[in-house]
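Everything below belongs to run-v6.pdb, which stores PDB, C-alpha atoms and all ligand atoms.
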ATOM      1  CA  MET A   1       0.000   0.000   0.000
ATOM      2  CA  GLU A   2       1.451   3.302  -1.028
ATOM      3  CA  ARG A   3       0.215   5.842   1.375
ATOM      4  CA  SER A   4       1.107   8.789  -0.825
ATOM      5  CA  ASP A   5      -1.086   7.477  -3.602
ATOM      6  CA  ASN A   6      -3.828   6.663  -1.239
ATOM      7  CA  MET A   7      -3.811  10.017   0.338
ATOM      8  CA  LYS A   8      -3.693  11.878  -2.911
ATOM      9  CA  ASN A   9      -6.461   9.924  -4.468
ATOM     10  CA  LYS A  10      -8.941  10.760  -1.839
ATOM     11  CA  ASN A  11     -10.527  13.651  -0.387
ATOM     12  CA  ILE A  12     -10.013  16.640  -2.584
ATOM     13  CA  LYS A  13     -13.555  17.731  -2.187
ATOM     14  CA  GLY A  14     -14.640  21.271  -1.692
ATOM     15  CA  LEU A  15     -14.602  22.017   1.955
ATOM     16  CA  ILE A  16     -11.533  20.059   2.731
ATOM     17  CA  ALA A  17      -8.915  22.645   2.123
ATOM     18  CA  LEU A  18      -7.703  22.053   5.607
ATOM     19  CA  VAL A  19      -5.483  19.353   6.865
ATOM     20  CA  LEU A  20      -6.597  19.658  10.363
ATOM     21  CA  LEU A  21     -10.239  19.390  11.081
ATOM     22  CA  ILE A  22     -11.867  20.053  14.335
ATOM     23  CA  PHE A  23     -14.617  17.990  15.731
ATOM     24  CA  PHE A  24     -16.915  19.333  18.286
ATOM     25  CA  ILE A  25     -18.381  17.329  21.008
ATOM     26  CA  ILE A  26     -21.613  18.500  22.363
ATOM     27  CA  GLY A  27     -23.183  17.586  25.618
ATOM     28  CA  ALA A  28     -26.228  15.525  26.205
ATOM     29  CA  HIS A  29     -28.804  18.226  26.342
ATOM     30  CA  SER A  30     -28.072  19.369  22.852
ATOM     31  CA  VAL A  31     -28.192  15.950  21.292
ATOM     32  CA  TYR A  32     -31.078  16.607  19.005
ATOM     33  CA  LYS A  33     -29.757  19.810  17.634
ATOM     34  CA  ASN A  34     -26.485  18.632  16.447
ATOM     35  CA  LYS A  35     -25.336  17.362  13.146
ATOM     36  CA  LEU A  36     -22.144  15.804  12.139
ATOM     37  CA  VAL A  37     -20.153  17.712   9.661
ATOM     38  CA  SER A  38     -16.763  16.644   8.743
ATOM     39  CA  SER A  39     -14.467  15.226   6.200
ATOM     40  CA  ASN A  40     -13.691  12.166   4.282
ATOM     41  CA  ASP A  41     -11.198   9.937   5.757
ATOM     42  CA  GLN A  42      -8.456   9.815   3.257
ATOM     43  CA  LYS A  43      -6.790   6.537   3.636
ATOM     44  CA  LYS A  44      -7.605   3.422   1.713
ATOM     45  CA  VAL A  45      -6.413   0.108   2.783
ATOM     46  CA  ASP A  46      -6.760  -2.975   0.729
ATOM     47  CA  ASN A  47      -9.094  -5.431   2.210
ATOM     48  CA  LYS A  48      -6.613  -8.189   2.531
ATOM     49  CA  SER A  49      -4.699  -9.240   5.558
ATOM     50  CA  ASN A  50      -6.166 -10.150   8.845
ATOM     51  CA  VAL A  51      -4.597  -9.342  12.123
ATOM     52  CA  LYS A  52      -1.596 -11.446  12.725
ATOM     53  CA  SER A  53      -0.632 -11.787  16.295
ATOM     54  CA  ASP A  54       2.758 -10.601  17.277
ATOM     55  CA  LYS A  55       3.909 -13.464  19.400
ATOM     56  CA  LYS A  56       7.117 -11.904  20.479
ATOM     57  CA  ASN A  57       5.401  -8.886  21.833
ATOM     58  CA  GLN A  58       2.591 -10.747  23.396
ATOM     59  CA  THR A  59       4.871 -12.936  25.402
ATOM     60  CA  ASN A  60       6.870  -9.979  26.607
ATOM     61  CA  ILE A  61       3.989  -7.934  27.851
ATOM     62  CA  LYS A  62       4.740  -6.138  31.024
ATOM     63  CA  LYS A  63       2.041  -4.753  33.158
ATOM     64  CA  VAL A  64       1.684  -1.163  32.152
ATOM     65  CA  GLU A  65       0.359   1.352  34.594
ATOM     66  CA  HIS A  66      -2.042   3.236  32.458
ATOM     67  CA  VAL A  67      -2.746   6.830  33.087
ATOM     68  CA  LYS A  68      -5.333   7.379  35.742
ATOM     69  CA  ASP A  69      -8.254   9.622  35.022
ATOM     70  CA  ARG A  70      -7.713  12.998  36.555
ATOM     71  CA  GLU A  71     -10.169  14.863  38.726
ATOM     72  CA  PHE A  72     -10.509  18.455  37.703
ATOM     73  CA  THR A  73     -11.681  20.934  40.295
ATOM     74  CA  GLY A  74     -11.519  24.639  40.969
ATOM     75  CA  LYS A  75     -12.811  27.646  39.124
ATOM     76  CA  ASN A  76     -11.766  27.093  35.575
ATOM     77  CA  ILE A  77     -13.761  23.999  34.838
ATOM     78  CA  LYS A  78     -16.759  23.254  32.688
ATOM     79  CA  TYR A  79     -19.484  20.646  32.431
ATOM     80  CA  ASN A  80     -20.871  18.813  29.468
ATOM     81  CA  SER A  81     -23.314  21.483  28.490
ATOM     82  CA  GLN A  82     -20.273  22.912  26.780
ATOM     83  CA  SER A  83     -18.242  21.522  23.979
ATOM     84  CA  ILE A  84     -14.705  20.283  23.601
ATOM     85  CA  PRO A  85     -12.740  20.580  20.384
ATOM     86  CA  ILE A  86     -11.186  17.451  19.008
ATOM     87  CA  LEU A  87      -8.230  17.989  16.760
ATOM     88  CA  TYR A  88      -8.046  15.497  13.995
ATOM     89  CA  TYR A  89      -4.754  14.634  12.365
ATOM     90  CA  HIS A  90      -3.435  11.889  10.156
ATOM     91  CA  SER A  91       0.148  11.975   8.983
ATOM     92  CA  ILE A  92       2.573  14.390  10.615
ATOM     93  CA  ASP A  93       4.934  14.857   7.757
ATOM     94  CA  TYR A  94       5.467  16.994   4.719
ATOM     95  CA  GLU A  95       4.582  15.927   1.252
ATOM     96  CA  LYS A  96       4.566  18.340  -1.642
ATOM     97  CA  GLY A  97       1.087  18.942  -2.899
ATOM     98  CA  ASN A  98      -0.548  16.924  -0.179
ATOM     99  CA  GLU A  99      -2.372  19.339   1.985
ATOM    100  CA  LEU A 100      -3.796  16.595   4.136
ATOM    101  CA  ARG A 101      -0.579  16.204   5.970
ATOM    102  CA  VAL A 102       0.690  18.446   8.672
ATOM    103  CA  PRO A 103       4.449  18.884   8.655
ATOM    104  CA  LYS A 104       6.198  18.397  11.950
ATOM    105  CA  GLU A 105       7.103  22.073  12.266
ATOM    106  CA  ARG A 106       3.508  23.071  11.767
ATOM    107  CA  PHE A 107       2.323  20.450  14.219
ATOM    108  CA  ARG A 108       4.787  21.814  16.755
ATOM    109  CA  GLU A 109       3.513  25.345  16.221
ATOM    110  CA  GLN A 110      -0.008  24.133  16.844
ATOM    111  CA  MET A 111       0.950  22.280  19.998
ATOM    112  CA  LYS A 112       2.910  25.287  21.171
ATOM    113  CA  TYR A 113      -0.134  27.424  20.633
ATOM    114  CA  LEU A 114      -2.173  25.088  22.808
ATOM    115  CA  LYS A 115       0.503  25.085  25.486
ATOM    116  CA  ASP A 116       0.988  28.834  25.462
ATOM    117  CA  ASN A 117      -2.744  29.296  25.746
ATOM    118  CA  GLY A 118      -3.158  26.980  28.692
ATOM    119  CA  TYR A 119      -4.908  24.030  27.099
ATOM    120  CA  THR A 120      -5.191  20.629  28.760
ATOM    121  CA  THR A 121      -5.207  17.559  26.532
ATOM    122  CA  LEU A 122      -7.787  15.035  27.671
ATOM    123  CA  THR A 123      -7.600  11.298  27.346
ATOM    124  CA  LEU A 124     -10.576   9.574  25.778
ATOM    125  CA  ASN A 125     -11.553   8.185  29.156
ATOM    126  CA  GLU A 126     -11.664  11.697  30.507
ATOM    127  CA  LEU A 127     -13.669  12.789  27.505
ATOM    128  CA  TYR A 128     -16.043   9.897  28.016
ATOM    129  CA  ASN A 129     -16.496  10.695  31.693
ATOM    130  CA  PHE A 130     -17.167  14.284  30.807
ATOM    131  CA  LEU A 131     -19.800  13.348  28.246
ATOM    132  CA  ALA A 132     -21.420  10.410  29.929
ATOM    133  CA  TYR A 133     -21.119  11.333  33.598
ATOM    134  CA  ASN A 134     -20.724  15.078  33.440
ATOM    135  CA  LYS A 135     -17.381  15.041  35.196
ATOM    136  CA  PRO A 136     -15.942  18.515  34.809
ATOM    137  CA  VAL A 137     -12.876  19.263  32.752
ATOM    138  CA  PRO A 138     -10.765  22.392  32.440
ATOM    139  CA  ASN A 139     -12.398  25.161  30.443
ATOM    140  CA  LYS A 140      -9.574  24.965  28.006
ATOM    141  CA  SER A 141      -9.669  21.294  27.196
ATOM    142  CA  VAL A 142      -8.833  19.716  23.895
ATOM    143  CA  VAL A 143      -8.588  16.185  22.545
ATOM    144  CA  ILE A 144      -5.869  15.395  20.043
ATOM    145  CA  THR A 145      -6.378  12.457  17.710
ATOM    146  CA  LEU A 146      -4.339  10.894  14.918
ATOM    147  CA  ASP A 147      -6.021   8.466  12.545
ATOM    148  CA  ASP A 148      -4.569   5.409  10.815
ATOM    149  CA  GLY A 149      -1.340   5.064  12.792
ATOM    150  CA  TYR A 150       1.406   6.365  10.554
ATOM    151  CA  LYS A 151       4.977   5.829  11.562
ATOM    152  CA  ASP A 152       5.504   9.567  11.542
ATOM    153  CA  ASN A 153       3.126   9.756  14.472
ATOM    154  CA  TYR A 154       5.925   8.160  16.449
ATOM    155  CA  GLU A 155       8.821   9.865  14.713
ATOM    156  CA  ASN A 156       7.394  13.352  14.420
ATOM    157  CA  ALA A 157       4.295  13.833  16.540
ATOM    158  CA  PHE A 158       5.309  11.884  19.624
ATOM    159  CA  PRO A 159       8.455  13.910  20.450
ATOM    160  CA  VAL A 160       6.477  17.125  20.122
ATOM    161  CA  LEU A 161       3.677  15.832  22.314
ATOM    162  CA  LYS A 162       6.210  14.806  24.930
ATOM    163  CA  GLU A 163       7.942  18.151  24.702
ATOM    164  CA  PHE A 164       4.727  19.904  25.708
ATOM    165  CA  GLY A 165       3.540  17.230  28.103
ATOM    166  CA  PHE A 166       0.516  16.495  25.922
ATOM    167  CA  LYS A 167      -1.443  13.308  25.419
ATOM    168  CA  ALA A 168      -3.091  12.195  22.219
ATOM    169  CA  THR A 169      -5.025   9.279  20.799
ATOM    170  CA  VAL A 170      -3.951   7.159  17.849
ATOM    171  CA  PHE A 171      -6.730   5.291  16.068
ATOM    172  CA  MET A 172      -4.776   2.373  14.666
ATOM    173  CA  ILE A 173      -5.392   0.166  11.632
ATOM    174  CA  THR A 174      -4.295  -3.059  13.234
ATOM    175  CA  SER A 175      -3.395  -4.998  10.087
ATOM    176  CA  SER A 176      -0.725  -2.397   9.370
ATOM    177  CA  ILE A 177       1.119  -3.016  12.621
ATOM    178  CA  ASN A 178       4.495  -4.615  11.851
ATOM    179  CA  ASN A 179       3.308  -5.166   8.285
ATOM    180  CA  GLU A 180       3.468  -1.842   6.542
ATOM    181  CA  LYS A 181       6.641   0.150   6.598
ATOM    182  CA  ASP A 182       4.957   3.493   6.855
ATOM    183  CA  PHE A 183       2.923   2.474   9.856
ATOM    184  CA  LEU A 184       3.569   2.062  13.530
ATOM    185  CA  THR A 185       5.149  -1.091  14.875
ATOM    186  CA  SER A 186       4.089  -2.858  18.033
ATOM    187  CA  SER A 187       7.222  -1.626  19.752
ATOM    188  CA  GLU A 188       6.458   1.982  18.884
ATOM    189  CA  LEU A 189       2.873   1.575  19.980
ATOM    190  CA  LYS A 190       3.998   0.177  23.309
ATOM    191  CA  GLN A 191       6.316   3.092  23.895
ATOM    192  CA  MET A 192       3.586   5.550  23.124
ATOM    193  CA  ASP A 193       1.162   3.667  25.320
ATOM    194  CA  SER A 194       3.628   3.642  28.198
ATOM    195  CA  TYR A 195       3.888   7.385  27.993
ATOM    196  CA  GLY A 196       0.124   7.705  28.217
ATOM    197  CA  MET A 197      -0.992   7.959  24.636
ATOM    198  CA  ASP A 198      -4.314   6.275  23.924
ATOM    199  CA  ILE A 199      -4.088   3.620  21.242
ATOM    200  CA  GLU A 200      -7.561   2.766  20.041
ATOM    201  CA  SER A 201      -9.209   0.963  17.139
ATOM    202  CA  HIS A 202      -9.543   2.063  13.542
ATOM    203  CA  THR A 203     -10.635  -1.455  12.508
ATOM    204  CA  VAL A 204      -8.395  -4.203  11.111
ATOM    205  CA  ASN A 205      -8.226  -3.140   7.474
ATOM    206  CA  HIS A 206      -9.563   0.380   7.462
ATOM    207  CA  ASP A 207     -12.916  -1.187   6.785
ATOM    208  CA  LYS A 208     -15.905   0.707   5.572
ATOM    209  CA  LEU A 209     -18.232  -0.600   8.212
ATOM    210  CA  ASP A 210     -21.374   0.309   6.318
ATOM    211  CA  ARG A 211     -20.324  -2.007   3.483
ATOM    212  CA  LEU A 212     -19.756  -5.037   5.683
ATOM    213  CA  THR A 213     -22.230  -7.644   6.816
ATOM    214  CA  TYR A 214     -22.955  -7.701  10.497
ATOM    215  CA  ASP A 215     -20.738 -10.733  10.967
ATOM    216  CA  LYS A 216     -17.857  -9.035   9.197
ATOM    217  CA  GLN A 217     -18.391  -5.931  11.262
ATOM    218  CA  ILE A 218     -18.210  -8.005  14.418
ATOM    219  CA  GLN A 219     -15.043  -9.636  13.138
ATOM    220  CA  THR A 220     -13.126  -6.454  12.447
ATOM    221  CA  LEU A 221     -14.291  -4.757  15.619
ATOM    222  CA  LYS A 222     -13.432  -7.800  17.702
ATOM    223  CA  ASP A 223     -10.082  -8.559  16.054
ATOM    224  CA  SER A 224      -8.751  -5.017  16.161
ATOM    225  CA  LYS A 225      -9.834  -4.608  19.772
ATOM    226  CA  GLU A 226      -8.368  -7.910  20.893
ATOM    227  CA  PHE A 227      -5.125  -7.307  19.082
ATOM    228  CA  LEU A 228      -4.555  -3.969  20.763
ATOM    229  CA  GLU A 229      -5.709  -5.228  24.135
ATOM    230  CA  LYS A 230      -3.223  -8.087  24.038
ATOM    231  CA  LEU A 231      -0.448  -5.885  22.778
ATOM    232  CA  LEU A 232      -0.966  -3.118  25.295
ATOM    233  CA  ASN A 233      -2.561  -4.966  28.159
ATOM    234  CA  LYS A 234      -5.385  -2.490  28.485
ATOM    235  CA  LYS A 235      -9.023  -2.132  27.550
ATOM    236  CA  VAL A 236      -9.763  -0.754  24.116
ATOM    237  CA  LYS A 237     -13.137   0.959  24.140
ATOM    238  CA  TYR A 238     -13.065   3.563  21.448
ATOM    239  CA  ILE A 239     -13.022   3.608  17.697
ATOM    240  CA  ALA A 240     -12.820   6.070  14.845
ATOM    241  CA  TYR A 241     -14.820   4.862  11.879
ATOM    242  CA  PRO A 242     -12.691   4.607   8.745
ATOM    243  CA  TYR A 243     -14.047   7.092   6.215
ATOM    244  CA  GLY A 244     -16.512   8.076   8.909
ATOM    245  CA  LYS A 245     -18.761   5.264   7.700
ATOM    246  CA  TRP A 246     -21.173   3.436   9.921
ATOM    247  CA  ASN A 247     -24.735   2.118   9.956
ATOM    248  CA  GLU A 248     -27.271   0.664  12.345
ATOM    249  CA  ASN A 249     -25.635  -2.734  12.297
ATOM    250  CA  ALA A 250     -22.283  -1.215  13.067
ATOM    251  CA  ILE A 251     -23.719   0.360  16.157
ATOM    252  CA  LYS A 252     -25.143  -2.970  17.273
ATOM    253  CA  ALA A 253     -21.828  -4.616  16.581
ATOM    254  CA  LEU A 254     -19.945  -1.976  18.537
ATOM    255  CA  LYS A 255     -22.217  -2.496  21.491
ATOM    256  CA  ALA A 256     -21.827  -6.237  21.260
ATOM    257  CA  GLU A 257     -18.050  -5.930  21.239
ATOM    258  CA  GLY A 258     -17.880  -3.584  24.196
ATOM    259  CA  TYR A 259     -17.013  -0.272  22.604
ATOM    260  CA  SER A 260     -18.133   2.841  24.455
ATOM    261  CA  MET A 261     -17.623   5.684  22.069
ATOM    262  CA  ALA A 262     -17.146   6.086  18.354
ATOM    263  CA  PHE A 263     -15.920   8.977  16.293
ATOM    264  CA  THR A 264     -17.031   9.723  12.820
ATOM    265  CA  THR A 265     -15.957  12.191  10.207
ATOM    266  CA  ALA A 266     -18.925  11.659   7.971
ATOM    267  CA  GLU A 267     -21.456  14.303   7.281
ATOM    268  CA  THR A 268     -24.553  12.850   8.782
ATOM    269  CA  SER A 269     -26.977  13.238  11.561
ATOM    270  CA  TYR A 270     -25.926  11.627  14.744
ATOM    271  CA  GLU A 271     -29.427  11.201  15.977
ATOM    272  CA  LYS A 272     -29.512   7.637  14.822
ATOM    273  CA  SER A 273     -26.727   6.698  17.138
ATOM    274  CA  ILE A 274     -28.328   7.995  20.253
ATOM    275  CA  ASP A 275     -29.205   4.473  21.229
ATOM    276  CA  PHE A 276     -25.548   3.678  21.082
ATOM    277  CA  ILE A 277     -24.253   6.414  23.250
ATOM    278  CA  LYS A 278     -27.458   7.270  24.969
ATOM    279  CA  LYS A 279     -26.330  10.145  27.022
ATOM    280  CA  PHE A 280     -24.626  12.289  24.507
ATOM    281  CA  VAL A 281     -23.806  12.864  20.929
ATOM    282  CA  ILE A 282     -20.570  13.528  19.254
ATOM    283  CA  CYS A 283     -20.740  16.353  16.870
ATOM    284  CA  LEU A 284     -17.988  16.901  14.425
ATOM    285  CA  LYS A 285     -17.477  20.128  12.672
ATOM    286  CA  TYR A 286     -15.240  21.572  10.103
ATOM    287  CA  ILE A 287     -12.917  24.206  11.256
ATOM    288  CA  ASN A 288     -14.824  26.763   9.234
ATOM    289  CA  THR A 289     -17.966  25.879  11.150
ATOM    290  CA  LEU A 290     -16.007  26.184  14.308
ATOM    291  CA  ILE A 291     -14.881  29.621  13.365
ATOM    292  CA  ARG A 292     -18.446  30.781  13.318
ATOM    293  CA  LYS A 293     -19.736  28.939  16.315
ATOM    294  CA  SER A 294     -16.969  28.328  18.709
ATOM    295  CA  LYS A 295     -15.740  30.582  21.383
ATOM    296  CA  ILE A 296     -12.221  29.420  20.859
ATOM    297  CA  LEU A 297     -11.859  31.147  17.569
ATOM    298  CA  ARG A 298      -8.168  31.372  17.678
ATOM    299  CA  ILE A 299      -7.924  27.669  17.266
ATOM    300  CA  LYS A 300      -8.521  28.313  13.627
ATOM    301  CA  ASN A 301      -5.270  30.129  13.318
ATOM    302  CA  ILE A 302      -3.308  27.074  14.094
ATOM    303  CA  ASN A 303      -5.253  24.789  11.836
ATOM    304  CA  LEU A 304      -4.756  26.463   8.574
ATOM    305  CA  ILE A 305      -2.018  25.118   6.427
TER     306      ILE A 305
HETATM  307 ZN    ZN B   1      -8.526   6.387   8.543
END
Hey, can you dump this file as structure tokens for me?
Amino acid sequence: MERSDNMKNKNIKGLIALVLLIFFIIGAHSVYKNKLVSSNDQKKVDNKSNVKSDKKNQTNIKKVEHVKDREFTGKNIKYNSQSIPILYYHSIDYEKGNELRVPKERFREQMKYLKDNGYTTLTLNELYNFLAYNKPVPNKSVVITLDDGYKDNYENAFPVLKEFGFKATVFMITSSINNEKDFLTSSELKQMDSYGMDIESHTVNHDKLDRLTYDKQIQTLKDSKEFLEKLLNKKVKYIAYPYGKWNENAIKALKAEGYSMAFTTAETSYEKSIDFIKKFVICLKYINTLIRKSKILRIKNINLI
């Protein structure tokens, strides 16, 4: 799989002049008002290999102390009637003519902006607790996500995140682990996990869930989850839908496999998924929507390429 081809071939549609999109997550009370608006997911993966277990790594698993959820108190906190921006990255690298990538220097500028402006990066557990249980988070909270699991996430993004003491989530295509040279290896994933990065599912083969039968959906959700859980010795509960695609069956399958929260980039109403995540809805927005509606307008400045 040539990622450059894949990334070029996709996703040159109108609104997506931005590499970095921002999702918005809206609290429970505004569930019915919100719509999903976001981008294509730009990576294609051939529907071929299944997850192969990495025996070496599985036998060498050490108990990892995963990051504990923090309790946020004091004045500068907010509850889930307010939103949290989710930054949405893929590859952190430069490629001429590919505006879907964020070069390392630009990524660093963006992280520096967040740091200088007092932002706290939340883990997905903290995000979930905020949404589902209304646990407060700092007013200036943000969630950083990277889809697909490119090797440059380790080589370029990870050092920057560490430099600023930030956490992020990688939604990983599990069939690529140790199989595709441009993607993260199990060793890299373990290092990132040990630091406190969230490694979560992006299915086995970057599957379009809405095109799969229920049984196939179950298979990819189960296999990707189990692979990461064995590798990292932690619970995997979250997923980003490849291409933002999902359907009713996918939601049933996610429930059946023990997922708690799913992220989409597709332009669609989220009302259908209320039965999945009953207490809240995830609303994703383009940065240009954010500019109009968000209070944190300056975020836009760091997202433009
Ligand atoms: Zn993807």
Original post:
Between A:Ile173, A:Ile251, A:Ala132, A:Leu189, which has the minimum distance to ligand ZN 1 (chain B) (counting all atoms listed in the file)?
Top reply: A:Ile173
**OP:** For the structure shown, which residues end up in the PyMOL selection byres (((chain A and resi 228) around 12) and not hetatm)? Put them as a ChimeraX atom specification, please?
**Re:** /A:51-54,57-58,61,170-175,177,185-186,189-190,193,198-204,221-227,229-239
Original post:
Which one is closest to Thr121 in chain A: A:Phe158, A:Phe166, A:Tyr94, A:Phe107? Count all atoms listed in the file.
Top reply: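 Looking at the shortest contact to Thr121 in chain A, the residue is A:Phe166.
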Given 4 Å of margin on each side, can you work out the centre and size in Å (one decimal) of an axis-aligned box holding every listed atom of range 164-180 of chain A, as AutoDock Vina command-line options?
--center_x -1.0 --center_y 7.4 --center_z 17.3 --size_x 19.5 --size_y 33.1 --size_z 29.6
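Checking A:Ala240, A:Leu146, A:Ile92, A:Ile77 one by one against Thr264 in chain A, counting only C-alpha atoms, you find the shortest gap at A:Ala240.
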Original post:
Of the candidates A:Tyr150, A:Phe72, A:Tyr133, A:Tyr119, which shows the shortest atom-to-atom distance to Arg101 in chain A, using all atoms listed in the file?
Top reply: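 Closest to Arg101 in chain A of all the choices is A:Tyr150.
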Original post:
A:Lys104, A:Lys115, A:Lys252, A:Lys208: which is nearest ligand ZN 1 (chain B), counting all atoms listed in the file?
Top reply: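 Smallest separation from ligand ZN 1 (chain B) among the options: A:Lys208.
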Original post:
Suppose you want the space between CA of Gly165 in chain A and CA of Ile84 in chain A; what is it in Å?
Top reply: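 Pair CA of Gly165 in chain A / CA of Ile84 in chain A returns 19.0 Å.
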**OP:** Give me, please, the distance in Å between CA of Pro242 in chain A and CA of Asn134 in chain A, quoted to one decimal.
**Re:** 28.0 Å
Original post:
Nearest to ligand ZN 1 (chain B) among A:Asp210, A:Ser91, A:Lys96, A:Gln110, with distances taken over only C-alpha atoms and all ligand atoms: which residue is it?
Top reply: A:Ser91
